[in-house]
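Enquirer: Quick one, work_29.txt (compact mmCIF, C-alpha atoms):
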# COMPACT_ATOMS: atom_id res chain seq x y z
CA MET Z 1 100.72 24.12 -98.95
CA SER Z 2 103.12 21.78 -97.31
CA ALA Z 3 102.71 18.24 -96.11
CA VAL Z 4 103.47 17.26 -92.54
CA THR Z 5 103.61 13.84 -90.94
CA VAL Z 6 101.62 13.38 -87.74
CA HIS Z 7 102.61 10.47 -85.50
CA LEU Z 8 99.85 8.49 -83.79
CA PHE Z 9 99.97 6.19 -80.78
CA ALA Z 10 97.85 3.72 -78.81
CA SER Z 11 94.10 4.36 -79.13
CA TYR Z 12 94.61 7.01 -81.82
CA ALA Z 13 96.75 4.72 -83.99
CA GLU Z 14 94.09 2.05 -83.62
CA SER Z 15 91.20 4.36 -84.45
CA PHE Z 16 92.84 5.95 -87.51
CA GLY Z 17 94.23 2.56 -88.55
CA ALA Z 18 97.75 3.96 -89.03
CA ASN Z 19 100.85 5.02 -87.12
CA THR Z 20 101.18 8.25 -89.12
CA LEU Z 21 98.94 10.63 -91.06
CA LYS Z 22 100.05 12.91 -93.92
CA ILE Z 23 98.32 16.26 -93.57
CA GLU Z 24 98.40 19.19 -96.01
CA LEU Z 25 98.70 22.53 -94.27
CA ALA Z 26 98.64 26.10 -95.54
CA PRO Z 27 101.63 28.30 -94.66
CA GLU Z 28 101.49 29.79 -91.15
CA SER Z 29 99.18 27.03 -89.94
CA THR Z 30 98.83 26.52 -86.20
CA VAL Z 31 98.29 23.48 -83.98
CA ALA Z 32 94.56 24.31 -83.98
CA ASP Z 33 94.55 24.29 -87.81
CA LEU Z 34 96.31 20.94 -87.78
CA ILE Z 35 93.70 19.45 -85.41
CA ALA Z 36 90.91 20.76 -87.66
CA GLU Z 37 92.48 18.96 -90.65
CA VAL Z 38 92.92 15.74 -88.68
CA ARG Z 39 89.23 15.89 -87.73
CA SER Z 40 88.29 15.47 -91.39
CA ARG Z 41 89.91 12.01 -91.47
CA PRO Z 42 88.09 8.72 -90.85
CA GLY Z 43 88.68 7.57 -87.28
CA SER Z 44 88.74 11.06 -85.80
CA TYR Z 45 85.74 10.27 -83.59
CA VAL Z 46 88.35 9.10 -81.08
CA LEU Z 47 89.63 12.66 -80.55
CA PRO Z 48 88.49 14.56 -77.44
CA PRO Z 49 87.39 18.23 -77.79
CA MET Z 50 90.94 19.42 -77.12
CA PRO Z 51 93.46 16.75 -78.14
CA ARG Z 52 97.03 17.24 -76.96
CA VAL Z 53 99.63 17.81 -79.63
CA ALA Z 54 103.40 17.54 -79.22
CA ILE Z 55 105.78 19.48 -81.44
CA ASN Z 56 109.40 18.39 -81.33
CA ARG Z 57 108.65 16.26 -78.25
CA LYS Z 58 107.08 19.09 -76.21
CA PHE Z 59 103.39 19.72 -75.58
CA ALA Z 60 102.28 22.57 -77.85
CA ALA Z 61 99.69 25.36 -77.36
CA PRO Z 62 96.83 25.68 -79.92
CA ASP Z 63 98.29 28.90 -81.36
CA GLN Z 64 101.81 27.48 -81.92
CA LEU Z 65 102.89 27.52 -85.58
CA VAL Z 66 103.57 24.20 -87.30
CA ARG Z 67 106.53 23.90 -89.67
CA ALA Z 68 107.11 21.16 -92.21
CA THR Z 69 110.34 20.16 -90.46
CA ASP Z 70 108.70 19.69 -87.04
CA GLU Z 71 108.26 16.31 -85.38
CA ILE Z 72 104.50 16.29 -84.78
CA ALA Z 73 102.51 13.85 -82.65
CA LEU Z 74 98.95 13.56 -81.41
CA ILE Z 75 99.06 12.45 -77.78
CA PRO Z 76 96.13 10.37 -76.46
CA PRO Z 77 95.28 10.75 -72.76
CA VAL Z 78 98.36 9.33 -71.04
CA SER Z 79 97.99 6.39 -68.65
CA GLY Z 80 101.48 5.53 -67.43
CA GLY Z 81 102.35 4.59 -63.89
CA MET T 1 122.84 11.55 -58.99
CA ILE T 2 119.68 12.05 -61.01
CA ARG T 3 118.77 9.28 -63.47
CA SER T 4 115.65 8.16 -65.30
CA ALA T 5 114.95 5.54 -67.94
CA ILE T 6 112.26 3.82 -69.94
CA VAL T 7 113.09 0.10 -69.76
CA ASP T 8 112.02 -3.10 -71.51
CA ARG T 9 113.05 -5.41 -68.66
CA GLN T 10 112.13 -6.12 -65.05
CA ILE T 11 112.70 -3.25 -62.59
CA ASP T 12 115.13 -4.04 -59.77
CA VAL T 13 113.94 -1.95 -56.82
CA ALA T 14 116.89 -2.96 -54.64
CA ALA T 15 119.27 -1.68 -57.30
CA LEU T 16 117.46 1.68 -57.38
CA LEU T 17 117.69 1.88 -53.58
CA GLY T 18 121.40 1.20 -53.80
CA GLU T 19 121.80 4.02 -56.31
CA VAL T 20 120.31 6.70 -54.06
CA ARG T 21 121.49 5.58 -50.61
CA SER T 22 124.37 7.37 -48.96
CA ASP T 23 125.74 7.98 -45.48
CA ASP T 24 124.50 11.56 -45.38
CA ALA T 25 120.92 10.58 -46.27
CA GLY T 26 118.74 9.78 -43.27
CA ALA T 27 115.72 9.01 -45.41
CA VAL T 28 115.02 7.05 -48.56
CA SER T 29 111.56 7.15 -50.11
CA VAL T 30 110.49 4.56 -52.67
CA PHE T 31 107.34 4.40 -54.76
CA VAL T 32 106.58 1.18 -56.60
CA GLY T 33 103.67 0.85 -59.01
CA THR T 34 102.44 -2.66 -59.80
CA VAL T 35 99.91 -4.29 -62.11
CA ARG T 36 96.58 -4.78 -60.36
CA ASP T 37 94.30 -7.77 -61.02
CA LEU T 38 91.06 -5.75 -61.15
CA SER T 39 90.08 -2.71 -63.20
CA GLU T 40 86.67 -1.19 -62.57
CA GLY T 41 85.48 -4.57 -61.39
CA ARG T 42 86.86 -6.55 -64.36
CA SER T 43 89.55 -9.21 -64.03
CA VAL T 44 92.82 -8.22 -65.70
CA GLU T 45 95.17 -10.87 -67.09
CA ARG T 46 98.03 -8.60 -68.18
CA LEU T 47 98.88 -5.06 -69.25
CA GLU T 48 100.59 -3.78 -72.35
CA TYR T 49 102.43 -0.44 -72.16
CA ALA T 50 103.06 1.56 -75.32
CA VAL T 51 105.35 4.57 -75.45
CA TYR T 52 106.42 7.53 -77.57
CA ARG T 53 109.93 6.77 -76.47
CA GLU T 54 111.87 9.89 -77.49
CA MET T 55 109.34 12.23 -75.89
CA ALA T 56 108.79 10.01 -72.83
CA GLU T 57 112.52 10.00 -72.09
CA SER T 58 112.77 13.76 -72.44
CA GLU T 59 109.58 14.49 -70.46
CA LEU T 60 110.67 12.13 -67.67
CA ALA T 61 114.10 13.80 -67.55
CA ASP T 62 112.37 17.21 -67.27
CA ILE T 63 110.23 15.95 -64.37
CA MET T 64 113.33 14.67 -62.58
CA ARG T 65 115.06 18.04 -62.97
CA GLU T 66 111.99 19.90 -61.73
CA ALA T 67 111.67 17.57 -58.73
CA SER T 68 115.32 17.93 -57.87
CA GLU T 69 115.09 21.72 -57.92
CA LYS T 70 111.72 21.92 -56.15
CA PHE T 71 112.77 19.73 -53.21
CA GLY T 72 116.52 20.35 -53.24
CA ILE T 73 117.21 16.65 -53.76
CA SER T 74 120.25 15.36 -55.59
CA SER T 75 119.70 11.59 -55.24
CA LEU T 76 116.75 10.61 -57.39
CA VAL T 77 116.17 7.72 -59.81
CA ALA T 78 113.11 6.54 -61.71
CA GLU T 79 112.42 3.71 -64.15
CA HIS T 80 109.23 3.04 -66.10
CA ARG T 81 108.81 -0.31 -67.78
CA ILE T 82 107.04 -0.76 -71.11
CA GLY T 83 105.91 -3.82 -73.07
CA GLU T 84 103.88 -6.69 -71.64
CA LEU T 85 103.47 -7.02 -67.88
CA ARG T 86 101.65 -9.64 -65.86
CA VAL T 87 99.58 -9.04 -62.73
CA GLY T 88 101.86 -8.25 -59.78
CA GLU T 89 104.81 -7.08 -61.88
CA ILE T 90 106.38 -3.67 -61.30
CA SER T 91 105.56 -1.05 -63.94
CA VAL T 92 107.27 1.96 -62.35
CA ALA T 93 109.66 2.62 -59.48
CA ILE T 94 111.00 5.88 -58.06
CA ALA T 95 113.56 6.29 -55.28
CA SER T 96 114.82 9.47 -53.67
CA ALA T 97 117.12 10.09 -50.74
CA ASP T 98 117.56 13.16 -48.55
CA ALA T 99 118.82 14.13 -45.13
CA HIS T 100 115.25 14.09 -43.77
CA ARG T 101 112.06 12.25 -44.68
CA ALA T 102 109.70 15.07 -45.70
CA GLY T 103 111.58 16.13 -48.81
CA ALA T 104 112.24 12.57 -49.94
CA ILE T 105 108.60 11.51 -49.58
CA GLU T 106 107.21 14.62 -51.29
CA CYS T 107 109.74 14.33 -54.10
CA THR T 108 108.79 10.72 -54.87
CA ARG T 109 105.11 11.61 -54.87
CA PHE T 110 105.69 14.62 -57.15
CA VAL T 111 107.48 12.44 -59.70
CA ILE T 112 104.74 9.78 -59.91
CA GLU T 113 101.95 12.39 -60.13
CA GLN T 114 103.77 14.20 -62.95
CA ILE T 115 104.46 10.92 -64.79
CA LYS T 116 100.72 10.23 -64.76
CA LYS T 117 99.97 13.66 -66.22
CA ARG T 118 102.74 14.22 -68.75
CA VAL T 119 104.77 11.22 -69.84
CA PRO T 120 103.49 9.77 -73.15
CA ILE T 121 102.97 6.16 -72.05
CA TRP T 122 99.70 4.30 -72.58
CA LYS T 123 98.47 1.10 -71.00
CA ARG T 124 96.12 -1.39 -72.57
CA GLU T 125 94.32 -3.79 -70.29
CA HIS T 126 93.93 -7.37 -71.48
CA PHE T 127 91.05 -8.89 -69.57
CA VAL T 128 90.62 -12.51 -68.53
CA ASP T 129 87.56 -12.70 -70.83
CA GLY T 130 89.79 -12.10 -73.88
CA THR T 131 88.81 -8.45 -74.53
CA ARG T 132 91.27 -5.57 -74.37
CA GLU T 133 91.09 -1.79 -74.20
CA TRP T 134 93.30 1.27 -73.91
CA VAL T 135 92.97 2.98 -70.54
CA ASP T 136 91.64 6.55 -70.71
CA PRO T 137 91.92 8.15 -67.25
CA THR T 138 90.01 11.22 -68.49
CA ALA T 139 86.95 9.06 -69.26
CA ARG T 140 86.85 7.19 -65.97
CA SER T 141 84.81 7.99 -62.91
CA GLY T 142 86.68 9.06 -59.81
CA ALA T 143 89.81 11.11 -59.35
CA ALA T 144 93.42 10.40 -60.32
CA ARG T 145 94.15 6.82 -61.23
Reformat the file's structure so that it appears as structure tokens.

Expert:
Amino acid sequence: MSAVTVHLFASYAESFGANTLKIELAPESTVADLIAEVRSRPGSYVLPPMPRVAINRKFAAPDQLVRATDEIALIPPVSGG
Amino acid sequence: MIRSAIVDRQIDVAALLGEVRSDDAGAVSVFVGTVRDLSEGRSVERLEYAVYREMAESELADIMREASEKFGISSLVAEHRIGELRVGEISVAIASADAHRAGAIECTRFVIEQIKKRVPIWKREHFVDGTREWVDPTARSGAAR
């Protein structure tokens, strides 16, 4: 197991009541595994069926592996412009 | 010159125009996004823009590169403002210059459409009645917002 820090913004930060979440992940965990773990936390009702995840500042596919050293963020639906 | 930035201050559209204009460009296209006073029928007092700054800067720079390659344009600037904005203030501005109008216009449009899809910036509407809520374009009726 290793712990990763997940950064939260805007509506997600508000719903989870925090700017970051510490999540325990088994080795070789993927983005989909990470989302499943996050769904067990209070506030996760805010997440859509397929939340976007960024790894090292790039949008990541569900099967991408997550490493403890990665910069991980959950990205709410963007509304810039 | 290709340049993009996330800024905490007012956007100076004239300055952006000055950056892209040149004697060999017969066309300059500018898109300016401003804060509207109504959202789905409710009166808006101000907007608050939040950002994942490191990713927003890198995603915006990627969009600018893609636009430059796609339309063969080498004079392109974009600024997106974050923080608190009042009704009527400019939230985003994009300027591109090219020899002819078609490329410049399409390039500007491409950049704003991609910003709305990919750049991690979020707006929260503060309504005149004192309530506030984060905008979720995926939950709203109608097409692109």

Enquirer: Using all atoms listed in the file and a cut-off of 8 Å, which residues of chain Z sit close to chain T? Please list them as a PDB file with C-alpha atoms, in the coordinates of the input.

Expert:
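And here's result.pdb as it stands now:
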ATOM      1  CA  PHE Z   9      99.970   6.190 -80.780  1.00  0.00           C
ATOM      2  CA  ALA Z  10      97.850   3.720 -78.810  1.00  0.00           C
ATOM      3  CA  SER Z  11      94.100   4.360 -79.130  1.00  0.00           C
ATOM      4  CA  ARG Z  57     108.650  16.260 -78.250  1.00  0.00           C
ATOM      5  CA  LYS Z  58     107.080  19.090 -76.210  1.00  0.00           C
ATOM      6  CA  ILE Z  75      99.060  12.450 -77.780  1.00  0.00           C
ATOM      7  CA  PRO Z  77      95.280  10.750 -72.760  1.00  0.00           C
ATOM      8  CA  VAL Z  78      98.360   9.330 -71.040  1.00  0.00           C
ATOM      9  CA  SER Z  79      97.990   6.390 -68.650  1.00  0.00           C
ATOM     10  CA  GLY Z  80     101.480   5.530 -67.430  1.00  0.00           C
ATOM     11  CA  GLY Z  81     102.350   4.590 -63.890  1.00  0.00           C
TER      12      GLY Z  81
END

Enquirer: Can you pull out every residue within 12 Å of Val44 (chain T), counting all atoms listed in the file, but drop anything in the same chain fewer than 2 positions away, and send it as a PDB file with C-alpha atoms, keeping the file's coordinate frame?

Expert:
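In the end it all went to result29.pdb:
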ATOM      1  CA  VAL T  35      99.910  -4.290 -62.110  1.00  0.00           C
ATOM      2  CA  ARG T  36      96.580  -4.780 -60.360  1.00  0.00           C
ATOM      3  CA  ASP T  37      94.300  -7.770 -61.020  1.00  0.00           C
ATOM      4  CA  LEU T  38      91.060  -5.750 -61.150  1.00  0.00           C
ATOM      5  CA  SER T  39      90.080  -2.710 -63.200  1.00  0.00           C
ATOM      6  CA  GLU T  40      86.670  -1.190 -62.570  1.00  0.00           C
ATOM      7  CA  GLY T  41      85.480  -4.570 -61.390  1.00  0.00           C
ATOM      8  CA  ARG T  42      86.860  -6.550 -64.360  1.00  0.00           C
ATOM      9  CA  ARG T  46      98.030  -8.600 -68.180  1.00  0.00           C
ATOM     10  CA  LEU T  47      98.880  -5.060 -69.250  1.00  0.00           C
ATOM     11  CA  GLU T  48     100.590  -3.780 -72.350  1.00  0.00           C
ATOM     12  CA  LEU T  85     103.470  -7.020 -67.880  1.00  0.00           C
ATOM     13  CA  ARG T  86     101.650  -9.640 -65.860  1.00  0.00           C
ATOM     14  CA  VAL T  87      99.580  -9.040 -62.730  1.00  0.00           C
ATOM     15  CA  GLY T  88     101.860  -8.250 -59.780  1.00  0.00           C
ATOM     16  CA  ARG T 124      96.120  -1.390 -72.570  1.00  0.00           C
ATOM     17  CA  GLU T 125      94.320  -3.790 -70.290  1.00  0.00           C
ATOM     18  CA  HIS T 126      93.930  -7.370 -71.480  1.00  0.00           C
ATOM     19  CA  PHE T 127      91.050  -8.890 -69.570  1.00  0.00           C
ATOM     20  CA  VAL T 128      90.620 -12.510 -68.530  1.00  0.00           C
ATOM     21  CA  ASP T 129      87.560 -12.700 -70.830  1.00  0.00           C
ATOM     22  CA  GLY T 130      89.790 -12.100 -73.880  1.00  0.00           C
ATOM     23  CA  THR T 131      88.810  -8.450 -74.530  1.00  0.00           C
ATOM     24  CA  ARG T 132      91.270  -5.570 -74.370  1.00  0.00           C
ATOM     25  CA  GLU T 133      91.090  -1.790 -74.200  1.00  0.00           C
TER      26      GLU T 133
END

Enquirer: Smallest atom-to-atom distance to Asp8 (chain T): which of T:Ile94, T:Glu79, T:Ala102, T:Val30, using only C-alpha atoms?

Expert: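 For Asp8 (chain T), the nearest of the given residues is T:Glu79.
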
Enquirer: Take CA of Ser96 (chain T) and CA of Arg109 (chain T) and report the distance between them in Å, one decimal.

Expert: 10.0 Å

Enquirer: Provide the CA of Asn19 (chain Z) to CA of Arg140 (chain T) distance in Å, to one decimal place.

Expert: 25.5 Å

Enquirer: Calculated over only C-alpha atoms, which of the candidates Z:Phe59, Z:Asp70, Z:Ile35, Z:Ser44 has the smallest distance to Ala18 (chain Z)?

Expert: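 Using only C-alpha atoms, the shortest distance to Ala18 (chain Z) belongs to Z:Ser44.
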
Enquirer: With 4 Å of padding per side, what axis-aligned box (centre and edge lengths, Å, one decimal) covers all the listed atoms of region 62-79 of chain Z? Give it as JSON.

Expert:
{"center_x": 102.8, "center_y": 17.6, "center_z": -80.4, "size_x": 23.1, "size_y": 30.5, "size_z": 31.6}

Enquirer: Excluding Leu17 (chain T) and any residue of its chain fewer than 3 positions from it, enumerate the residues within 8 Å of it, using all atoms listed in the file, and give them as a count of residues only.

Expert: 7

Enquirer: What is the CA of Ser29 (chain Z) to CA of Asp62 (chain T) distance in Å?

Expert: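 Separation of CA of Ser29 (chain Z) and CA of Asp62 (chain T): 28.0 Å.
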
Enquirer: Excluding Phe110 (chain T) and residues on its chain fewer than 3 positions from it, collect all residues at most 10 Å away from it, counting only C-alpha atoms, and give them as a PyMOL selection string.

Expert: chain T and resi 63-64+66-67+70-71+104-107+113-115

Enquirer: For Glu89 (chain T), which residue among T:Ser22, T:Gln10, T:Ser4, T:Ser74 is the nearest when counting only C-alpha atoms?

Expert: T:Gln10

Enquirer: Quick one: residues within 8 Å of region 47-55 of chain Z, only C-alpha atoms counted, chain neighbours fewer than 6 positions away excluded, as an mmCIF file with C-alpha atoms, keeping the file's coordinate frame?

Expert:
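Saved as around-v2.cif:
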data_model
loop_
_atom_site.group_PDB
_atom_site.id
_atom_site.type_symbol
_atom_site.label_atom_id
_atom_site.label_comp_id
_atom_site.auth_asym_id
_atom_site.auth_seq_id
_atom_site.Cartn_x
_atom_site.Cartn_y
_atom_site.Cartn_z
ATOM 1 C CA TYR Z 12 94.610 7.010 -81.820
ATOM 2 C CA VAL Z 31 98.290 23.480 -83.980
ATOM 3 C CA ILE Z 35 93.700 19.450 -85.410
ATOM 4 C CA ARG Z 39 89.230 15.890 -87.730
ATOM 5 C CA ALA Z 61 99.690 25.360 -77.360
ATOM 6 C CA VAL Z 66 103.570 24.200 -87.300
ATOM 7 C CA ASP Z 70 108.700 19.690 -87.040
ATOM 8 C CA GLU Z 71 108.260 16.310 -85.380
ATOM 9 C CA ILE Z 72 104.500 16.290 -84.780
ATOM 10 C CA ALA Z 73 102.510 13.850 -82.650
ATOM 11 C CA LEU Z 74 98.950 13.560 -81.410
ATOM 12 C CA ILE Z 75 99.060 12.450 -77.780
ATOM 13 C CA PRO Z 76 96.130 10.370 -76.460
ATOM 14 C CA PRO Z 77 95.280 10.750 -72.760
#

Enquirer: Residues at most 12 Å from Glu37 (chain Z), counting all atoms listed in the file, excluding those fewer than 5 positions away in the same chain, as a list in words?

Expert: Ala3, Val4, Val6, Leu21, Lys22, Ile23, Glu24, Leu25, Ala26, Ser29, Thr30, Val31, Ala32, Pro42 and Ser44 of chain Z
